[in-house]
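**Student:** Before I ask anything, here is the structure I am working with.
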Amino acid sequence: GATHEALDRMGQEAGVKAKVANEAYKRLLQQTNTMRRDFFDVQQPKILASVMGLVEEVDQFLKFTLGKYAYTYESAVLADAITLKPMDGASVGMVEMVGDIDSKADLDAYLQATATRGGRVDRASIPYREYRMSLRARLYANPRPVFGVPLAEQLARDHQHVPLVLTKCAEAVEAFGLQNEGIYRQSGQSSQVSRLRSEFDLDAEHVDLRASSYASDINNIASVLKLYLRELPGGLIPAPQRAAMLELFTATNDEDSLADADRTRKAATLADAIGGLPAPHRNTLECLFTHLDKVQAFQEYNMMNSENLSIVFGPTILPPADNSPANAALDIRRSAKLVKFILDNRRAIF
């Protein structure tokens, strides 16, 4: 309820901000392309023309100075009766050599030789490309919450048969917590449980519960699983089937003293009722009880037999339908009996 509304509101606000930022980017990109066209089409030719004019002026002055120096030097040498200019007619003297300098041809040759060294400048306008968000950014923009989301809805959305939060928490408990005394009975740290919940709501697929930071306190993971089941809209077992299943149990009957035939009939009735559940609920329920059966197999170490597990998971899986204290207390006792019976007869029911 409130979580969905808050996430929807945050998503809408993020969408508006992203749209405003995108329009600002488009506007600035258009201004940048206008400036680039002005530079390449107008400013750059003016700059090059000015540079070329300056180069030509320097070349003319240098050529004039060299010519003047050559003439003065030759005149001084000839005055001393030394012939600087070769007499064979094939060689060139200093004055002719300076006169043969072609500054423009030399500059053109230099530019052609060095033009490709710096690479070709792309003068085309910068195209607009839609911003590609990172995976983390896309997740923040489009979160996939699992807490408080109807079971069938989230499984269809995520293309899963069983919720990832259940499978990942169960795998972590089976890997690190089967011998942890009081597993599922002890609560985790509220701050760590909230953190884990937020990560699952952001992207359950990429949550790694085997990391040391999570596995160091398995009770946090166990508490997250209980919280998920507790907040599941409509409960893990829908109301009509829940009422029919609870009718099979009374607060006073001792299921352990049932005759074998009665136990078999009750197990068959429950198997039919569970078999009639919608597939998402039936698959999830079977996965949960398979996991809890593994937990109770280590009861010698964790002290969590079927009775203790039923006290914890009875009200979680089958929340009281009536708000009155008396009826709620009755429902809690009956739900515990139901969970214990399923655990004790799991292989006959599933």
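Residues in the structure tokens are named by chain (A, B, ... in the order shown) and by number from 1 within that chain; ligands are numbered from 1 in the order shown.
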Dump as a Markdown table the rows for residues of segment 230-330 of chain A within 8 Å of segment 159-177 of chain A: closest atom pair and distance in Å with one decimal, only C-alpha atoms counted, ordered by chain and rising residue number.

**Tutor:**
```
| residue | atom | partner | partner_atom | distance |
| --- | --- | --- | --- | --- |
| A:Pro280 | CA | A:His161 | CA | 6.4 |
| A:Asn283 | CA | A:Val162 | CA | 6.3 |
| A:Thr284 | CA | A:Val162 | CA | 5.2 |
| A:Cys287 | CA | A:Val162 | CA | 7.5 |
| A:Leu288 | CA | A:Leu166 | CA | 7.4 |
| A:His291 | CA | A:Ala170 | CA | 6.3 |
| A:Lys294 | CA | A:Glu174 | CA | 7.6 |
| A:Val295 | CA | A:Glu174 | CA | 7.4 |
```

**Student:** Can you tell me which residues surround Glu130 of chain A at a distance of at most 12 Å, considering only C-alpha atoms, apart from same-chain residues fewer than 4 positions away, and format the answer as a list of chain:residue names?

**Tutor:** A:Ala18, A:Lys19, A:Ala21, A:Asn22, A:Glu23, A:Tyr25, A:Lys26

**Student:** Grab the residues selected above and save them as a CSV table (one decimal), in the first residue's frame with all heavy atoms.

**Tutor:**
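That gives us result.csv:
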```
chain,number,residue,atom,x,y,z
A,18,ALA,N,14.2,13.4,-15.2
A,18,ALA,CA,15.0,12.9,-16.3
A,18,ALA,C,14.5,13.6,-17.6
A,18,ALA,O,15.4,13.9,-18.5
A,18,ALA,CB,14.7,11.4,-16.4
A,19,LYS,N,13.2,13.8,-17.7
A,19,LYS,CA,12.7,14.5,-18.9
A,19,LYS,C,13.2,15.9,-19.0
A,19,LYS,O,13.7,16.4,-20.1
A,19,LYS,CB,11.2,14.5,-18.9
A,19,LYS,CG,10.6,15.1,-20.2
A,19,LYS,CD,9.1,15.0,-20.2
A,19,LYS,CE,8.5,15.6,-21.5
A,19,LYS,NZ,7.0,15.4,-21.5
A,21,ALA,N,16.0,17.1,-17.6
A,21,ALA,CA,17.4,17.0,-17.9
A,21,ALA,C,17.7,16.7,-19.4
A,21,ALA,O,18.6,17.2,-20.0
A,21,ALA,CB,18.1,16.0,-17.0
A,22,ASN,N,16.9,15.9,-19.9
A,22,ASN,CA,17.0,15.5,-21.3
A,22,ASN,C,16.8,16.7,-22.3
A,22,ASN,O,17.5,16.9,-23.3
A,22,ASN,CB,16.1,14.3,-21.7
A,22,ASN,CG,16.3,13.8,-23.1
A,22,ASN,OD1,17.4,13.3,-23.4
A,22,ASN,ND2,15.3,13.7,-23.9
A,23,GLU,N,15.7,17.4,-22.0
A,23,GLU,CA,15.5,18.6,-22.8
A,23,GLU,C,16.6,19.6,-22.7
A,23,GLU,O,16.9,20.3,-23.7
A,23,GLU,CB,14.1,19.2,-22.4
A,23,GLU,CG,12.9,18.4,-22.7
A,23,GLU,CD,12.8,18.0,-24.2
A,23,GLU,OE1,13.1,18.9,-25.0
A,23,GLU,OE2,12.4,16.9,-24.5
A,25,TYR,N,19.7,19.0,-22.1
A,25,TYR,CA,20.8,18.4,-22.9
A,25,TYR,C,20.6,18.7,-24.4
A,25,TYR,O,21.6,19.1,-25.1
A,25,TYR,CB,20.9,16.9,-22.6
A,25,TYR,CG,21.9,16.2,-23.5
A,25,TYR,CD1,23.3,16.4,-23.4
A,25,TYR,CD2,21.4,15.3,-24.5
A,25,TYR,CE1,24.1,15.7,-24.2
A,25,TYR,CE2,22.3,14.7,-25.3
A,25,TYR,CZ,23.6,14.9,-25.2
A,25,TYR,OH,24.5,14.2,-26.1
A,26,LYS,N,19.4,18.5,-24.8
A,26,LYS,CA,19.1,18.7,-26.3
A,26,LYS,C,19.4,20.2,-26.6
A,26,LYS,O,20.0,20.5,-27.7
A,26,LYS,CB,17.7,18.4,-26.6
A,26,LYS,CG,17.4,16.9,-26.7
A,26,LYS,CD,15.9,16.7,-27.1
A,26,LYS,CE,15.6,15.2,-27.2
A,26,LYS,NZ,14.2,15.0,-27.5
```

**Student:** For the atom pair atom CA of Leu309 of chain A and atom CA of Asp256 of chain A, what is the interatomic distance in Å to one decimal place?

**Tutor:** 15.8 Å

**Student:** Name all residues at most 12 Å from Phe200 of chain A (count only C-alpha atoms; drop same-chain ones fewer than 2 positions away) and give them as a PyMOL selection string.

**Tutor:** chain A and resi 139+143-148+163-166+168-169+193-198+202-209+221+224-225+227-228
